[in-house]
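**Q** What follows is the file upload02.txt, containing compact mmCIF, N, CA and C atoms:
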# COMPACT_ATOMS: atom_id res chain seq x y z
N MET U 14 0.81 -1.19 0.00
CA MET U 14 0.00 0.00 0.00
C MET U 14 0.86 1.26 0.00
N ALA U 15 1.99 1.20 0.65
CA ALA U 15 2.87 2.37 0.72
C ALA U 15 3.32 2.79 -0.67
N ILE U 16 3.52 1.83 -1.55
CA ILE U 16 3.98 2.16 -2.90
C ILE U 16 2.93 2.98 -3.66
N LEU U 17 1.65 2.74 -3.37
CA LEU U 17 0.59 3.52 -4.02
C LEU U 17 0.61 4.98 -3.58
N ARG U 18 1.04 5.23 -2.37
CA ARG U 18 1.13 6.61 -1.90
C ARG U 18 2.30 7.33 -2.59
N GLU U 19 3.36 6.59 -2.84
CA GLU U 19 4.54 7.18 -3.47
C GLU U 19 4.39 7.27 -4.98
N GLN U 20 3.80 6.26 -5.58
CA GLN U 20 3.62 6.21 -7.02
C GLN U 20 2.17 5.85 -7.33
N PRO U 21 1.31 6.85 -7.49
CA PRO U 21 -0.11 6.57 -7.74
C PRO U 21 -0.29 5.69 -8.99
N ALA U 22 -1.26 4.82 -8.94
CA ALA U 22 -1.54 3.89 -10.03
C ALA U 22 -2.87 4.22 -10.68
N ASP U 23 -3.05 3.78 -11.90
CA ASP U 23 -4.33 3.95 -12.60
C ASP U 23 -5.33 2.87 -12.19
N LEU U 24 -4.80 1.73 -11.74
CA LEU U 24 -5.65 0.58 -11.41
C LEU U 24 -4.85 -0.38 -10.53
N VAL U 25 -5.56 -1.09 -9.64
CA VAL U 25 -4.93 -2.11 -8.81
C VAL U 25 -5.57 -3.44 -9.12
N LEU U 26 -4.75 -4.41 -9.45
CA LEU U 26 -5.20 -5.80 -9.62
C LEU U 26 -4.78 -6.51 -8.34
N MET U 27 -5.77 -6.84 -7.49
CA MET U 27 -5.51 -7.32 -6.13
C MET U 27 -5.94 -8.77 -5.97
N ASP U 28 -5.01 -9.61 -5.58
CA ASP U 28 -5.37 -10.98 -5.23
C ASP U 28 -6.06 -10.93 -3.87
N ILE U 29 -7.12 -11.66 -3.70
CA ILE U 29 -7.85 -11.65 -2.43
C ILE U 29 -7.03 -12.30 -1.33
N GLU U 30 -6.27 -13.33 -1.68
CA GLU U 30 -5.46 -14.02 -0.68
C GLU U 30 -4.02 -13.53 -0.77
N LEU U 31 -3.64 -12.72 0.20
CA LEU U 31 -2.29 -12.17 0.25
C LEU U 31 -1.48 -12.90 1.30
N ALA U 32 -0.18 -12.93 1.10
CA ALA U 32 0.70 -13.48 2.13
C ALA U 32 0.75 -12.47 3.26
N GLY U 33 0.63 -12.93 4.46
CA GLY U 33 0.67 -12.01 5.59
C GLY U 33 -0.66 -11.98 6.32
N VAL U 34 -0.82 -10.98 7.14
CA VAL U 34 -1.96 -10.88 8.03
C VAL U 34 -3.20 -10.34 7.32
N MET U 35 -3.01 -9.42 6.41
CA MET U 35 -4.13 -8.72 5.76
C MET U 35 -4.57 -9.44 4.50
N SER U 36 -5.89 -9.52 4.30
CA SER U 36 -6.42 -10.08 3.05
C SER U 36 -6.45 -8.99 2.00
N GLY U 37 -6.64 -9.38 0.75
CA GLY U 37 -6.77 -8.41 -0.33
C GLY U 37 -7.98 -7.51 -0.13
N ILE U 38 -9.04 -8.06 0.44
CA ILE U 38 -10.25 -7.26 0.70
C ILE U 38 -9.94 -6.20 1.75
N GLU U 39 -9.25 -6.57 2.80
CA GLU U 39 -8.87 -5.60 3.83
C GLU U 39 -7.93 -4.54 3.26
N ALA U 40 -7.00 -4.97 2.41
CA ALA U 40 -6.07 -4.02 1.78
C ALA U 40 -6.84 -3.05 0.88
N ALA U 41 -7.80 -3.56 0.13
CA ALA U 41 -8.61 -2.70 -0.74
C ALA U 41 -9.41 -1.70 0.08
N GLU U 42 -9.93 -2.15 1.21
CA GLU U 42 -10.68 -1.26 2.09
C GLU U 42 -9.77 -0.14 2.61
N ALA U 43 -8.56 -0.48 2.99
CA ALA U 43 -7.60 0.52 3.48
C ALA U 43 -7.23 1.49 2.36
N ILE U 44 -7.00 0.99 1.18
CA ILE U 44 -6.66 1.85 0.04
C ILE U 44 -7.81 2.79 -0.26
N GLY U 45 -9.03 2.29 -0.20
CA GLY U 45 -10.20 3.10 -0.49
C GLY U 45 -10.42 4.25 0.46
N GLN U 46 -9.79 4.21 1.63
CA GLN U 46 -9.93 5.30 2.59
C GLN U 46 -9.14 6.54 2.19
N TRP U 47 -8.14 6.39 1.33
CA TRP U 47 -7.35 7.54 0.94
C TRP U 47 -7.14 7.67 -0.56
N SER U 48 -7.70 6.75 -1.33
CA SER U 48 -7.52 6.80 -2.78
C SER U 48 -8.79 6.32 -3.47
N ASP U 49 -9.02 6.82 -4.67
CA ASP U 49 -10.18 6.33 -5.43
C ASP U 49 -9.74 5.47 -6.62
N VAL U 50 -8.54 4.91 -6.52
CA VAL U 50 -8.04 4.04 -7.59
C VAL U 50 -8.96 2.82 -7.74
N PRO U 51 -9.31 2.49 -8.98
CA PRO U 51 -10.17 1.31 -9.17
C PRO U 51 -9.42 0.02 -8.84
N ILE U 52 -10.14 -0.91 -8.22
CA ILE U 52 -9.54 -2.18 -7.81
C ILE U 52 -10.30 -3.32 -8.46
N ILE U 53 -9.55 -4.25 -9.04
CA ILE U 53 -10.11 -5.48 -9.58
C ILE U 53 -9.56 -6.61 -8.73
N PHE U 54 -10.45 -7.46 -8.23
CA PHE U 54 -10.02 -8.60 -7.44
C PHE U 54 -9.75 -9.79 -8.35
N LEU U 55 -8.76 -10.54 -7.93
CA LEU U 55 -8.37 -11.77 -8.61
C LEU U 55 -8.32 -12.85 -7.54
N THR U 56 -8.95 -13.97 -7.80
CA THR U 56 -8.96 -15.04 -6.80
C THR U 56 -9.09 -16.40 -7.47
N GLY U 57 -8.66 -17.39 -6.75
CA GLY U 57 -8.83 -18.77 -7.20
C GLY U 57 -10.08 -19.39 -6.60
N HIS U 58 -10.83 -18.60 -5.83
CA HIS U 58 -12.00 -19.12 -5.12
C HIS U 58 -13.27 -18.42 -5.60
N ALA U 59 -14.33 -19.19 -5.69
CA ALA U 59 -15.60 -18.65 -6.18
C ALA U 59 -16.71 -18.74 -5.14
N GLN U 60 -16.36 -18.89 -3.86
CA GLN U 60 -17.40 -19.01 -2.84
C GLN U 60 -18.24 -17.74 -2.76
N GLU U 61 -19.53 -17.95 -2.57
CA GLU U 61 -20.47 -16.83 -2.46
C GLU U 61 -20.11 -15.90 -1.30
N SER U 62 -19.66 -16.47 -0.18
CA SER U 62 -19.32 -15.66 0.99
C SER U 62 -18.15 -14.72 0.69
N LEU U 63 -17.18 -15.21 -0.07
CA LEU U 63 -16.03 -14.39 -0.45
C LEU U 63 -16.46 -13.28 -1.40
N LEU U 64 -17.33 -13.61 -2.33
CA LEU U 64 -17.85 -12.61 -3.25
C LEU U 64 -18.61 -11.52 -2.50
N GLU U 65 -19.41 -11.91 -1.52
CA GLU U 65 -20.17 -10.94 -0.72
C GLU U 65 -19.23 -10.02 0.07
N ARG U 66 -18.16 -10.58 0.64
CA ARG U 66 -17.19 -9.75 1.35
C ARG U 66 -16.50 -8.79 0.40
N ALA U 67 -16.18 -9.27 -0.79
CA ALA U 67 -15.51 -8.43 -1.78
C ALA U 67 -16.43 -7.28 -2.22
N LYS U 68 -17.71 -7.53 -2.32
CA LYS U 68 -18.66 -6.49 -2.73
C LYS U 68 -18.65 -5.30 -1.78
N SER U 69 -18.32 -5.55 -0.52
CA SER U 69 -18.36 -4.49 0.49
C SER U 69 -17.39 -3.35 0.19
N VAL U 70 -16.37 -3.58 -0.61
CA VAL U 70 -15.42 -2.53 -0.95
C VAL U 70 -15.62 -2.00 -2.37
N ALA U 71 -16.72 -2.39 -3.00
CA ALA U 71 -17.12 -1.90 -4.34
C ALA U 71 -16.00 -2.00 -5.37
N PRO U 72 -15.54 -3.22 -5.64
CA PRO U 72 -14.49 -3.37 -6.65
C PRO U 72 -15.02 -3.08 -8.05
N TYR U 73 -14.12 -2.82 -8.95
CA TYR U 73 -14.48 -2.57 -10.35
C TYR U 73 -14.49 -3.86 -11.17
N GLY U 74 -14.13 -4.96 -10.53
CA GLY U 74 -14.16 -6.25 -11.20
C GLY U 74 -13.79 -7.36 -10.25
N TYR U 75 -14.11 -8.58 -10.64
CA TYR U 75 -13.84 -9.76 -9.81
C TYR U 75 -13.57 -10.91 -10.78
N LEU U 76 -12.34 -11.34 -10.83
CA LEU U 76 -11.94 -12.39 -11.76
C LEU U 76 -11.56 -13.66 -11.01
N ILE U 77 -11.97 -14.79 -11.55
CA ILE U 77 -11.64 -16.09 -10.95
C ILE U 77 -10.58 -16.75 -11.81
N LYS U 78 -9.49 -17.13 -11.16
CA LYS U 78 -8.37 -17.79 -11.86
C LYS U 78 -8.79 -19.19 -12.31
N PRO U 79 -8.25 -19.66 -13.38
CA PRO U 79 -7.33 -19.00 -14.30
C PRO U 79 -8.08 -17.98 -15.17
N VAL U 80 -7.38 -16.92 -15.52
CA VAL U 80 -7.98 -15.83 -16.30
C VAL U 80 -7.26 -15.75 -17.64
N SER U 81 -8.04 -15.68 -18.69
CA SER U 81 -7.42 -15.55 -20.02
C SER U 81 -6.94 -14.12 -20.21
N GLU U 82 -5.99 -13.95 -21.10
CA GLU U 82 -5.46 -12.61 -21.38
C GLU U 82 -6.57 -11.69 -21.88
N ARG U 83 -7.43 -12.22 -22.72
CA ARG U 83 -8.53 -11.42 -23.27
C ARG U 83 -9.50 -10.99 -22.16
N GLU U 84 -9.83 -11.91 -21.27
CA GLU U 84 -10.75 -11.59 -20.16
C GLU U 84 -10.14 -10.52 -19.26
N LEU U 85 -8.86 -10.64 -18.97
CA LEU U 85 -8.17 -9.66 -18.13
C LEU U 85 -8.16 -8.29 -18.82
N ALA U 86 -7.79 -8.27 -20.09
CA ALA U 86 -7.71 -7.00 -20.83
C ALA U 86 -9.08 -6.33 -20.90
N THR U 87 -10.12 -7.12 -21.14
CA THR U 87 -11.47 -6.57 -21.22
C THR U 87 -11.92 -6.01 -19.87
N THR U 88 -11.66 -6.74 -18.80
CA THR U 88 -12.05 -6.30 -17.46
C THR U 88 -11.30 -5.03 -17.07
N VAL U 89 -10.02 -4.97 -17.38
CA VAL U 89 -9.23 -3.77 -17.08
C VAL U 89 -9.77 -2.58 -17.87
N ALA U 90 -10.04 -2.77 -19.15
CA ALA U 90 -10.56 -1.68 -19.98
C ALA U 90 -11.91 -1.18 -19.45
N MET U 91 -12.78 -2.10 -19.07
CA MET U 91 -14.10 -1.72 -18.54
C MET U 91 -13.95 -1.00 -17.20
N ALA U 92 -13.05 -1.47 -16.36
CA ALA U 92 -12.85 -0.84 -15.05
C ALA U 92 -12.33 0.59 -15.22
N LEU U 93 -11.37 0.77 -16.12
CA LEU U 93 -10.83 2.11 -16.35
C LEU U 93 -11.90 3.04 -16.93
N HIS U 94 -12.72 2.51 -17.82
CA HIS U 94 -13.80 3.31 -18.40
C HIS U 94 -14.82 3.69 -17.33
N ARG U 95 -15.23 2.72 -16.52
CA ARG U 95 -16.20 3.01 -15.46
C ARG U 95 -15.63 4.01 -14.46
N HIS U 96 -14.35 3.88 -14.14
CA HIS U 96 -13.73 4.82 -13.20
C HIS U 96 -13.74 6.23 -13.78
N ALA U 97 -13.46 6.37 -15.06
CA ALA U 97 -13.50 7.70 -15.70
C ALA U 97 -14.92 8.26 -15.64
N LEU U 98 -15.91 7.42 -15.87
CA LEU U 98 -17.31 7.86 -15.77
C LEU U 98 -17.66 8.25 -14.34
N ASP U 99 -17.19 7.47 -13.37
CA ASP U 99 -17.44 7.80 -11.97
C ASP U 99 -16.83 9.14 -11.60
N GLN U 100 -15.63 9.42 -12.12
CA GLN U 100 -14.97 10.70 -11.84
C GLN U 100 -15.74 11.85 -12.47
N GLU U 101 -16.24 11.65 -13.70
CA GLU U 101 -17.07 12.67 -14.34
C GLU U 101 -18.34 12.92 -13.54
N LEU U 102 -18.96 11.86 -13.07
CA LEU U 102 -20.17 11.98 -12.27
C LEU U 102 -19.90 12.75 -10.99
N GLU U 103 -18.80 12.44 -10.33
CA GLU U 103 -18.44 13.14 -9.09
C GLU U 103 -18.19 14.61 -9.37
N HIS U 104 -17.52 14.91 -10.47
CA HIS U 104 -17.27 16.30 -10.84
C HIS U 104 -18.60 17.02 -11.10
N SER U 105 -19.53 16.34 -11.78
CA SER U 105 -20.85 16.93 -12.06
C SER U 105 -21.61 17.18 -10.77
N ARG U 106 -21.54 16.25 -9.84
CA ARG U 106 -22.22 16.43 -8.54
C ARG U 106 -21.63 17.61 -7.78
N GLU U 107 -20.31 17.74 -7.81
CA GLU U 107 -19.68 18.87 -7.13
C GLU U 107 -20.09 20.19 -7.78
N SER U 108 -20.13 20.22 -9.11
CA SER U 108 -20.54 21.43 -9.83
C SER U 108 -21.99 21.77 -9.51
N LEU U 109 -22.84 20.76 -9.47
CA LEU U 109 -24.25 20.98 -9.14
C LEU U 109 -24.39 21.53 -7.72
N ALA U 110 -23.66 20.97 -6.78
CA ALA U 110 -23.72 21.43 -5.40
C ALA U 110 -23.29 22.90 -5.31
N LYS U 111 -22.24 23.28 -6.02
CA LYS U 111 -21.78 24.67 -6.03
C LYS U 111 -22.84 25.57 -6.65
N SER U 112 -23.44 25.12 -7.73
CA SER U 112 -24.49 25.90 -8.40
C SER U 112 -25.70 26.08 -7.49
N GLU U 113 -26.09 25.02 -6.81
CA GLU U 113 -27.23 25.11 -5.88
C GLU U 113 -26.90 26.06 -4.73
N ALA U 114 -25.68 26.02 -4.25
CA ALA U 114 -25.27 26.92 -3.16
C ALA U 114 -25.33 28.37 -3.63
N ARG U 115 -24.88 28.64 -4.86
CA ARG U 115 -24.95 30.01 -5.40
C ARG U 115 -26.41 30.45 -5.53
N TYR U 116 -27.26 29.56 -6.06
CA TYR U 116 -28.68 29.86 -6.20
C TYR U 116 -29.29 30.21 -4.84
N HIS U 117 -29.05 29.38 -3.84
CA HIS U 117 -29.62 29.62 -2.52
C HIS U 117 -29.08 30.91 -1.90
N HIS U 118 -27.81 31.20 -2.14
CA HIS U 118 -27.24 32.44 -1.62
C HIS U 118 -27.95 33.64 -2.24
N ILE U 119 -28.11 33.62 -3.55
CA ILE U 119 -28.81 34.72 -4.23
C ILE U 119 -30.26 34.80 -3.77
N PHE U 120 -30.95 33.66 -3.75
CA PHE U 120 -32.35 33.62 -3.35
C PHE U 120 -32.53 34.14 -1.92
N ASP U 121 -31.72 33.66 -1.01
CA ASP U 121 -31.87 34.01 0.40
C ASP U 121 -31.42 35.43 0.73
N ASN U 122 -30.47 35.97 -0.03
CA ASN U 122 -29.89 37.27 0.31
C ASN U 122 -30.30 38.42 -0.62
N SER U 123 -31.14 38.13 -1.59
CA SER U 123 -31.57 39.17 -2.52
C SER U 123 -32.45 40.20 -1.80
N PRO U 124 -32.24 41.48 -2.10
CA PRO U 124 -33.10 42.50 -1.51
C PRO U 124 -34.46 42.59 -2.21
N ILE U 125 -34.60 41.86 -3.30
CA ILE U 125 -35.84 41.84 -4.08
C ILE U 125 -36.62 40.59 -3.69
N GLY U 126 -37.93 40.74 -3.56
CA GLY U 126 -38.78 39.60 -3.23
C GLY U 126 -38.81 38.59 -4.36
N ILE U 127 -38.57 37.33 -4.02
CA ILE U 127 -38.57 36.25 -5.01
C ILE U 127 -39.41 35.11 -4.46
N PHE U 128 -40.16 34.46 -5.37
CA PHE U 128 -40.93 33.28 -4.97
C PHE U 128 -40.92 32.27 -6.09
N ARG U 129 -41.20 31.03 -5.72
CA ARG U 129 -41.32 29.91 -6.67
C ARG U 129 -42.69 29.29 -6.50
N THR U 130 -43.33 28.95 -7.63
CA THR U 130 -44.63 28.30 -7.57
C THR U 130 -44.66 27.13 -8.54
N THR U 131 -45.67 26.29 -8.38
CA THR U 131 -45.94 25.25 -9.36
C THR U 131 -46.68 25.88 -10.53
N LEU U 132 -46.87 25.15 -11.61
CA LEU U 132 -47.64 25.66 -12.74
C LEU U 132 -49.07 25.98 -12.34
N GLU U 133 -49.55 25.28 -11.32
CA GLU U 133 -50.91 25.50 -10.84
C GLU U 133 -51.01 26.71 -9.91
N GLY U 134 -49.89 27.30 -9.55
CA GLY U 134 -49.90 28.49 -8.71
C GLY U 134 -49.65 28.23 -7.24
N LYS U 135 -49.37 26.99 -6.85
CA LYS U 135 -49.08 26.69 -5.45
C LYS U 135 -47.69 27.24 -5.11
N VAL U 136 -47.61 28.04 -4.05
CA VAL U 136 -46.34 28.64 -3.64
C VAL U 136 -45.47 27.55 -3.01
N LEU U 137 -44.27 27.43 -3.55
CA LEU U 137 -43.32 26.44 -3.05
C LEU U 137 -42.30 27.04 -2.10
N GLU U 138 -41.94 28.30 -2.38
CA GLU U 138 -40.83 28.89 -1.64
C GLU U 138 -40.87 30.41 -1.81
N VAL U 139 -40.58 31.13 -0.76
CA VAL U 139 -40.41 32.58 -0.83
C VAL U 139 -39.11 32.94 -0.13
N ASN U 140 -38.50 34.03 -0.57
CA ASN U 140 -37.26 34.43 0.09
C ASN U 140 -37.56 35.39 1.24
N PRO U 141 -36.58 35.64 2.11
CA PRO U 141 -36.80 36.52 3.26
C PRO U 141 -37.28 37.92 2.87
N ALA U 142 -36.75 38.48 1.78
CA ALA U 142 -37.15 39.84 1.38
C ALA U 142 -38.65 39.89 1.08
N LEU U 143 -39.18 38.92 0.36
CA LEU U 143 -40.61 38.91 0.05
C LEU U 143 -41.43 38.71 1.31
N ALA U 144 -41.01 37.81 2.17
CA ALA U 144 -41.74 37.58 3.42
C ALA U 144 -41.81 38.86 4.23
N HIS U 145 -40.71 39.56 4.37
CA HIS U 145 -40.70 40.81 5.14
C HIS U 145 -41.54 41.89 4.45
N PHE U 146 -41.47 41.99 3.14
CA PHE U 146 -42.26 42.96 2.39
C PHE U 146 -43.75 42.73 2.63
N LEU U 147 -44.15 41.47 2.74
CA LEU U 147 -45.56 41.13 2.96
C LEU U 147 -45.96 41.16 4.43
N GLY U 148 -45.01 41.52 5.31
CA GLY U 148 -45.33 41.68 6.72
C GLY U 148 -45.12 40.45 7.59
N TYR U 149 -44.41 39.46 7.08
CA TYR U 149 -44.14 38.25 7.86
C TYR U 149 -42.72 38.30 8.42
N THR U 150 -42.50 37.60 9.51
CA THR U 150 -41.18 37.62 10.14
C THR U 150 -40.15 36.76 9.42
N SER U 151 -40.65 35.76 8.68
CA SER U 151 -39.73 34.85 7.99
C SER U 151 -40.47 34.13 6.87
N PRO U 152 -39.73 33.53 5.96
CA PRO U 152 -40.39 32.72 4.93
C PRO U 152 -41.24 31.60 5.53
N ALA U 153 -40.76 30.98 6.61
CA ALA U 153 -41.52 29.90 7.24
C ALA U 153 -42.83 30.43 7.81
N ASP U 154 -42.80 31.63 8.37
CA ASP U 154 -44.02 32.25 8.90
C ASP U 154 -45.03 32.47 7.76
N PHE U 155 -44.55 33.00 6.65
CA PHE U 155 -45.42 33.22 5.48
C PHE U 155 -45.99 31.90 4.97
N MET U 156 -45.12 30.91 4.80
CA MET U 156 -45.56 29.61 4.26
C MET U 156 -46.56 28.94 5.20
N GLY U 157 -46.39 29.14 6.50
CA GLY U 157 -47.31 28.55 7.48
C GLY U 157 -48.70 29.17 7.44
N LYS U 158 -48.82 30.38 6.91
CA LYS U 158 -50.11 31.07 6.85
C LYS U 158 -50.86 30.81 5.55
N LEU U 159 -50.22 30.17 4.59
CA LEU U 159 -50.89 29.89 3.32
C LEU U 159 -51.97 28.83 3.52
N PRO U 160 -53.08 28.99 2.81
CA PRO U 160 -54.13 27.95 2.91
C PRO U 160 -53.61 26.62 2.38
N GLN U 161 -53.94 25.57 3.07
CA GLN U 161 -53.53 24.23 2.66
C GLN U 161 -54.57 23.64 1.72
N PRO U 162 -54.14 22.96 0.64
CA PRO U 162 -55.11 22.34 -0.27
C PRO U 162 -55.94 21.28 0.44
N ALA U 163 -57.18 21.17 0.03
CA ALA U 163 -58.10 20.21 0.66
C ALA U 163 -57.86 18.81 0.19
Mind converting the file's structure to structure tokens?

**A**
Amino acid sequence: MAILREQPADLVLMDIELAGVMSGIEAAEAIGQWSDVPIIFLTGHAQESLLERAKSVAPYGYLIKPVSERELATTVAMALHRHALDQELEHSRESLAKSEARYHHIFDNSPIGIFRTTLEGKVLEVNPALAHFLGYTSPADFMGKLPQPA
């Protein structure tokens, strides 16, 4: 694991049964705490219990030995592709969160009254400026006074 900190890798091909105290699953779990490198497990065992334990660390693949060169190459290619997609998704989520934070900042701090409604006209949200303009102490106070649909 120390080598991954010194020389980051694009992918880890991890045997589940390692020499020593730690299993490959435990090693993958430890790596996952500080890195998002994709991990593919390799094992000579196909027991359901081992597969279930391996799932807990969300590997990008699980190969049972013996593995053909073509199967390994395909699994590695798919894992790298999925990892790239996962990174794009994470970037999109971060961008969305920043955008939502900007929206809420503008909505909450605007000196102009702003509200959101459904197409049917049901008020979903009002900002503090509108609530105060209408004589309410807060948006929650205003929303609490609206008639509820029957």

**Q** May I have the residues within 8 Å of Leu137 in chain U as a list of chain:residue names, using all atoms listed in the file and disregarding those fewer than 4 positions away in the same chain?

**A**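 My list of contacting residues is U:Phe128, U:Arg129, U:Thr130, U:Thr131, U:Met156.
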
**Q** Using all atoms listed in the file, which protein or nucleic acid residues come within 7 Å of Ile38 in chain U? Drop anything in the same chain fewer than 6 positions from it, and give the result as JSON, numbers by chain.

**A** {"U": [28, 29, 30, 66, 67]}

**Q** Okay, now the selection with N, CA and C atoms, as a CSV table (one decimal), in the coordinates of the input?

**A**
chain,number,residue,atom,x,y,z
U,28,ASP,N,-5.0,-9.6,-5.6
U,28,ASP,CA,-5.4,-11.0,-5.2
U,28,ASP,C,-6.1,-10.9,-3.9
U,29,ILE,N,-7.1,-11.7,-3.7
U,29,ILE,CA,-7.8,-11.6,-2.4
U,29,ILE,C,-7.0,-12.3,-1.3
U,30,GLU,N,-6.3,-13.3,-1.7
U,30,GLU,CA,-5.5,-14.0,-0.7
U,30,GLU,C,-4.0,-13.5,-0.8
U,66,ARG,N,-18.2,-10.6,0.6
U,66,ARG,CA,-17.2,-9.8,1.4
U,66,ARG,C,-16.5,-8.8,0.4
U,67,ALA,N,-16.2,-9.3,-0.8
U,67,ALA,CA,-15.5,-8.4,-1.8
U,67,ALA,C,-16.4,-7.3,-2.2

**Q** Step one, run DSSP on the backbone; step two, keep only residues of range 32-158 of chain U assigned to strand (DSSP E or B); then write them as a VMD selection string.

**A** chain U and resid 52 to 56 74 to 77 128 to 130 136 to 139

**Q** DSSP on the backbone: which residues in range 22-136 of chain U end up as helix (DSSP H, G or I)? Give the answer as number ranges by chain.

**A** U: 37-45, 61-68, 82-122

**Q** What separation in Å, quoted to one decimal, exists between CA of Ala15 in chain U and CA of Trp47 in chain U?

**A** 11.5 Å

**Q** Interatomic distance between atom C of Ile125 in chain U and atom N of Val139 in chain U?

**A**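 Atom N of Val139 in chain U lies at a distance of 10.7 Å from atom C of Ile125 in chain U.
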
**Q** Could you tell me which of U:Met27, U:Leu102, U:Ala32, U:Glu39 comes closest to Ile52 in chain U if we count all atoms listed in the file?

**A**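 Nearest to Ile52 in chain U: U:Met27.
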
**Q** What gap, in Å, lies between CA of Gly33 in chain U and atom N of Gly57 in chain U?

**A**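 Atom-to-atom, CA of Gly33 in chain U to atom N of Gly57 in chain U, that is 16.4 Å.
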
**Q** Between U:Glu42, U:Asp23, U:Asp121, U:Glu65, single out the one closest to Leu93 in chain U, counting all atoms listed in the file.

**A**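 When distances to Leu93 in chain U are compared using all atoms listed in the file, the smallest one comes from U:Asp23.
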
**Q** Pick out the closest residue to Ala92 in chain U from this set: U:His118, U:Ser151, U:Leu24, U:Glu133. Count only N, CA and C atoms.

**A**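 The shortest atom-to-atom distance to Ala92 in chain U comes from U:Leu24.
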
**Q** Here is a test: counting only C-alpha atoms, which residue of U:Ala41, U:Leu26, U:Tyr116, U:Ser69 is nearest to Thr56 in chain U?

**A**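 Of U:Ala41, U:Leu26, U:Tyr116, U:Ser69, the one nearest Thr56 in chain U, counting only C-alpha atoms, is U:Leu26.
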
**Q** Name the closest residue to Pro141 in chain U among the candidates U:Leu76, U:Ala97, U:Gln20, U:Gly126; distances are taken between atoms, counting all atoms listed in the file.

**A**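 Distance minimum relative to Pro141 in chain U lands on U:Gly126.
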
**Q** I'd like the neighbourhood of Val25 in chain U as a list of chain:residue names, where a residue qualifies if any of its atoms comes within 7 Å (using all atoms listed in the file), though same-chain residues fewer than 5 positions away should be ignored.

**A**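 Answer for this query is U:Val50, U:Pro51, U:Ile52, U:Ile53, U:Phe54.
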